[in-house]
Amino acid sequence: MAQINMLGVSKRFGDLEVISDTTLEIKDGEFTVFVGPSGCGKSTLLRLLAGLDELTSGEINLNNQRIDHLAPAKRGLAMVFQSYALYPHMTVYQNMSYALKVAKEQKTVIDEKVKKAAEILQLSEYLDRKPKELSGGQRQRVAIGRAIVREPKVFLFDEPLSNLDAKLRVQMRIELTKLHKKLKTTMIYVTHDQVEAMTMADKIVVINNGRVEQVGAPLELYRRPANQFVAGFIGSPAMNFFSGVIKDVTTTGVHFDINNSGTSIFVKCPSADVSIGEKIQFGVRPEHFIFTKKTDQIITGKVYAVERLGGETYIYMSSETEEDVIVHCNGDREVKIGEKIDVGFSIEDCHLFNSKGWAIR
Amino acid sequence: MKATNFITIENLLIQIFLASAAIVMLYPIFMMVLSGFKTTPEIFMSPFSMPKKFNIENFQVIWEKTNVPRYFLNSIIVTVSSIALLLITGTMAAYAISRYKFRGALMVSLFFLSGLMLPLRLAIIPLFIQLKYLGLIDSLLGLIFIYTAMSLPATVFILTGFLRSLPKELEDSARMDGASELRIMLDIMVPLVSPALVIAGIYSAVPIWNDFFFPLIFIQSPEWKTLAQGLTTFFGEYSINYGVLYAGLSLASLPMIFIFIVQSRRFIAGMTAGALK
């Protein structure tokens, strides 16, 4: 049982506010992912939780007990670092048993716990090796093993897969998800990779400039982003945005022109918080474009790059209103660079953001 | 083919240069050891030849009839204690300077750095007065304190650089594991800078072992003399027994040579640390 509540947490380094007034609830057993661009404060938030940095204000509670004044080891949390932070002069066994040794556990207990964790992580045959004799994936598993033996209430992961190659990253992603199902412990995972966030999380916390932009389940964030930042960050490739101007606001929706092109679109969004003449952003995901003229809207563009991944293809084109557009389509679609193509989309699939960047639909 | 020849010639020249340098450096040591096996007349008659026979009489004289074993012991006590004290205090100081942010950190490190620039021998009179008040004249403890203080700036300088290069995440990780600050230093950080400790240790041990100046000023009683100082007793007013002197010098250089050989791997590891990823 481990539920975390952060109330009005903020952190300043001198004049620089890195985390501002963050309130967050993480439920027991949940796999929560903090995601955001580099330097957004997600790792700092994790370090505040771990106790490696001190809060400037606010409080952190674990199971309704305040922990922000406790030393890192007393909080009942274990952390896996980006660089693994294995002790290079110790063997895998010594690395994994160090915390228990410090806690003055009995040797038989230490031995039992380390061997059990090694078995879960398939590290039993490497216990006598030093970290430098292990591969990246094995080192990562030792780092996780070191956290497991402490039997923490919450696991904290700070971009643990970013040093691994692409294939191993996918494999470790699945292993971590399996581990979470097996241990059923609350896990908080920091990453800048939104694919990791989407595939692993029960709940995603999108952070930008030290602020929580949106909290929700992966598909909820994908389908209903609260603002333009989340819309652009979640989903790969990123959502296409087009500028527009509101022409009319009715009780059922809004009329707007795409980039003053004369193309007027009506979008259903009752009681939208916009006014006539306001500049808006109109978003369509690359995967929501279709190659048919029987759609609500059509965009014409000139292809300037094509990325073929085998099963799928990304087409990069420049629209008539000179906006860059990415289109996702099947791997077998024939497209040539320089070709003019028409892509359509359904109004139902599009997103609308007001001049402040907040979603109005 | 040409490139290969070029590399071979280049290598050959480097090897010749290194061999010559090694001969220039080793020859005096070699002569010293050989002379230790000769009698004084033999040294004068054929200074560069091999001894007629390797008699160990000179070494026996040194060991049985002189105070050298006592000097030897004194030198060992002074050097080992100084280095131990030096590495303990130096590591702690360097650790604080390199790993903690505190007010005046820069001042403290500059204070240590200034010690590198000031020759201690200039302050010999105030140092003498100070030691006299502390009752440390004519005592090995006085020498130990002087040597520790003398070597501290260089040790702190070397260790600070090494400790600074260790990733902060190791410290954080140990902190998460519940280790106290002292344990983090002793269990995690210090073992990782052991090559630097060897460098600092050897770098300081050689001048301490060979030092003649401070024992000359601060030690008067024969029983507290160190080896370098003690060996001067062989320079008699009217005659010098060169055979015994060389035997004594050979014995005196043994411990340092031994330490270099035993620790050379770590010494080189320390000197080249950070050169490659």
# chains A, B, ... in the order shown; residues from 1 in each chain; ligands from 1
$ select_by_dssp --residues "stretch 125-250 of chain A" --states "helix (DSSP H, G or I)" --output "PyMOL selection string"
chain A and resi 125-126+131-133+136-148+166-183+194-200+218-223+228-233
$ residues_around --residues "stretch 291-298 of chain A" --least-positions-apart "4" --cutoff "12 Å" --atoms "only C-alpha atoms" --output "PyMOL selection string"
chain A and resi 258+263-267+284+286-287+315+319-320+327-330+333-335+341-350
$ residues_around --residues "B:Ile217" --least-positions-apart "3" --cutoff "12 Å" --atoms "only C-alpha atoms" --output "short mmCIF file (atom, residue, chain, number, x, y, z; two decimals) with N, CA and C atoms, in the first residue's frame"
data_model
loop_
_atom_site.label_atom_id
_atom_site.label_comp_id
_atom_site.auth_asym_id
_atom_site.auth_seq_id
_atom_site.Cartn_x
_atom_site.Cartn_y
_atom_site.Cartn_z
N ARG B 121 60.56 25.78 4.09
CA ARG B 121 61.89 26.00 4.69
C ARG B 121 62.11 27.47 5.06
N ILE B 124 61.31 28.33 8.71
CA ILE B 124 61.92 27.39 9.65
C ILE B 124 62.06 27.96 11.08
N ILE B 125 62.31 29.26 11.17
CA ILE B 125 62.49 29.82 12.53
C ILE B 125 61.16 29.87 13.29
N LEU B 127 58.68 28.06 12.75
CA LEU B 127 58.30 26.66 12.92
C LEU B 127 59.04 26.06 14.12
N PHE B 128 60.30 26.41 14.23
CA PHE B 128 61.11 25.91 15.35
C PHE B 128 60.53 26.39 16.67
N ILE B 129 60.20 27.69 16.70
CA ILE B 129 59.66 28.28 17.94
C ILE B 129 58.34 27.59 18.30
N LEU B 131 57.24 24.59 17.43
CA LEU B 131 57.44 23.22 17.88
C LEU B 131 58.06 23.14 19.28
N LYS B 132 58.87 24.14 19.57
CA LYS B 132 59.48 24.18 20.90
C LYS B 132 58.40 24.37 21.96
N ILE B 137 60.18 19.29 19.85
CA ILE B 137 61.56 19.27 19.35
C ILE B 137 62.19 17.95 19.78
N ASP B 138 63.05 17.42 18.93
CA ASP B 138 63.72 16.15 19.20
C ASP B 138 62.71 15.01 19.41
N SER B 139 61.67 15.03 18.60
CA SER B 139 60.69 13.95 18.70
C SER B 139 60.19 13.59 17.30
N GLY B 142 57.03 15.37 16.13
CA GLY B 142 57.21 16.70 15.54
C GLY B 142 57.47 16.60 14.05
N LEU B 143 58.35 15.65 13.68
CA LEU B 143 58.66 15.45 12.27
C LEU B 143 57.41 15.03 11.49
N ILE B 146 55.21 17.96 10.84
CA ILE B 146 55.79 18.85 9.82
C ILE B 146 55.59 18.26 8.43
N ASP B 211 64.26 13.03 3.24
CA ASP B 211 64.51 14.36 3.79
C ASP B 211 65.65 14.37 4.80
N PHE B 212 66.49 15.38 4.65
CA PHE B 212 67.66 15.54 5.51
C PHE B 212 67.54 16.81 6.35
N PHE B 213 66.84 17.79 5.77
CA PHE B 213 66.79 19.13 6.34
C PHE B 213 66.08 19.18 7.70
N PHE B 214 64.85 18.72 7.75
CA PHE B 214 64.08 18.85 8.99
C PHE B 214 64.64 18.02 10.15
N GLN B 220 68.03 15.99 17.69
CA GLN B 220 69.39 16.02 18.21
C GLN B 220 69.84 14.66 18.74
N SER B 221 68.94 13.96 19.45
CA SER B 221 69.34 12.69 20.06
C SER B 221 69.60 11.64 18.99
N LYS B 225 67.26 9.86 15.26
CA LYS B 225 67.70 10.27 13.92
C LYS B 225 67.06 9.40 12.84
N THR B 226 66.82 10.02 11.70
CA THR B 226 66.26 9.24 10.58
C THR B 226 67.42 8.80 9.68
N GLN B 229 69.61 11.38 7.72
CA GLN B 229 70.44 12.15 8.64
C GLN B 229 71.51 11.25 9.26
#
$ interface_residues --of "chain A" --to "chain B" --cutoff "8 Å" --atoms "only C-alpha atoms" --output "PyMOL selection string"
chain A and resi 50+52+72-74+77-79+81+83+85-89+98-100+102-103
$ write_last_selection --atoms "C-alpha atoms" --output "compact mmCIF listing (two decimals), in the first residue's frame"
# COMPACT_ATOMS: atom_id res chain seq x y z
CA ALA A 50 13.33 10.77 -3.34
CA LEU A 52 17.83 14.03 -2.90
CA PRO A 72 16.13 9.60 1.45
CA ALA A 73 16.63 6.12 2.87
CA LYS A 74 13.92 6.64 5.51
CA LEU A 77 11.50 4.61 -1.77
CA ALA A 78 14.12 3.12 -4.09
CA MET A 79 15.51 4.82 -7.14
CA PHE A 81 19.27 6.18 -12.00
CA SER A 83 23.47 6.12 -15.52
CA ALA A 85 25.01 4.50 -10.65
CA LEU A 86 26.33 1.04 -9.83
CA TYR A 87 29.31 1.04 -7.51
CA PRO A 88 32.12 0.14 -9.95
CA HIS A 89 34.41 -1.45 -7.37
CA TYR A 98 24.76 -2.72 -0.05
CA ALA A 99 21.55 -1.10 1.20
CA LEU A 100 20.73 -4.13 3.35
CA VAL A 102 23.98 -0.53 5.66
CA ALA A 103 20.65 -1.34 7.34
$ closest_residue --among "B:Met256, B:Ala200, B:Leu85, B:Leu216" --to "B:Phe157" --atoms "only C-alpha atoms"
B:Ala200
$ residues_around --residues "B:Ile158" --least-positions-apart "4" --cutoff "10 Å" --atoms "only C-alpha atoms" --output "JSON, numbers by chain"
{"B": [90, 91, 94, 152, 153, 154, 162, 163, 196, 197, 199, 200]}
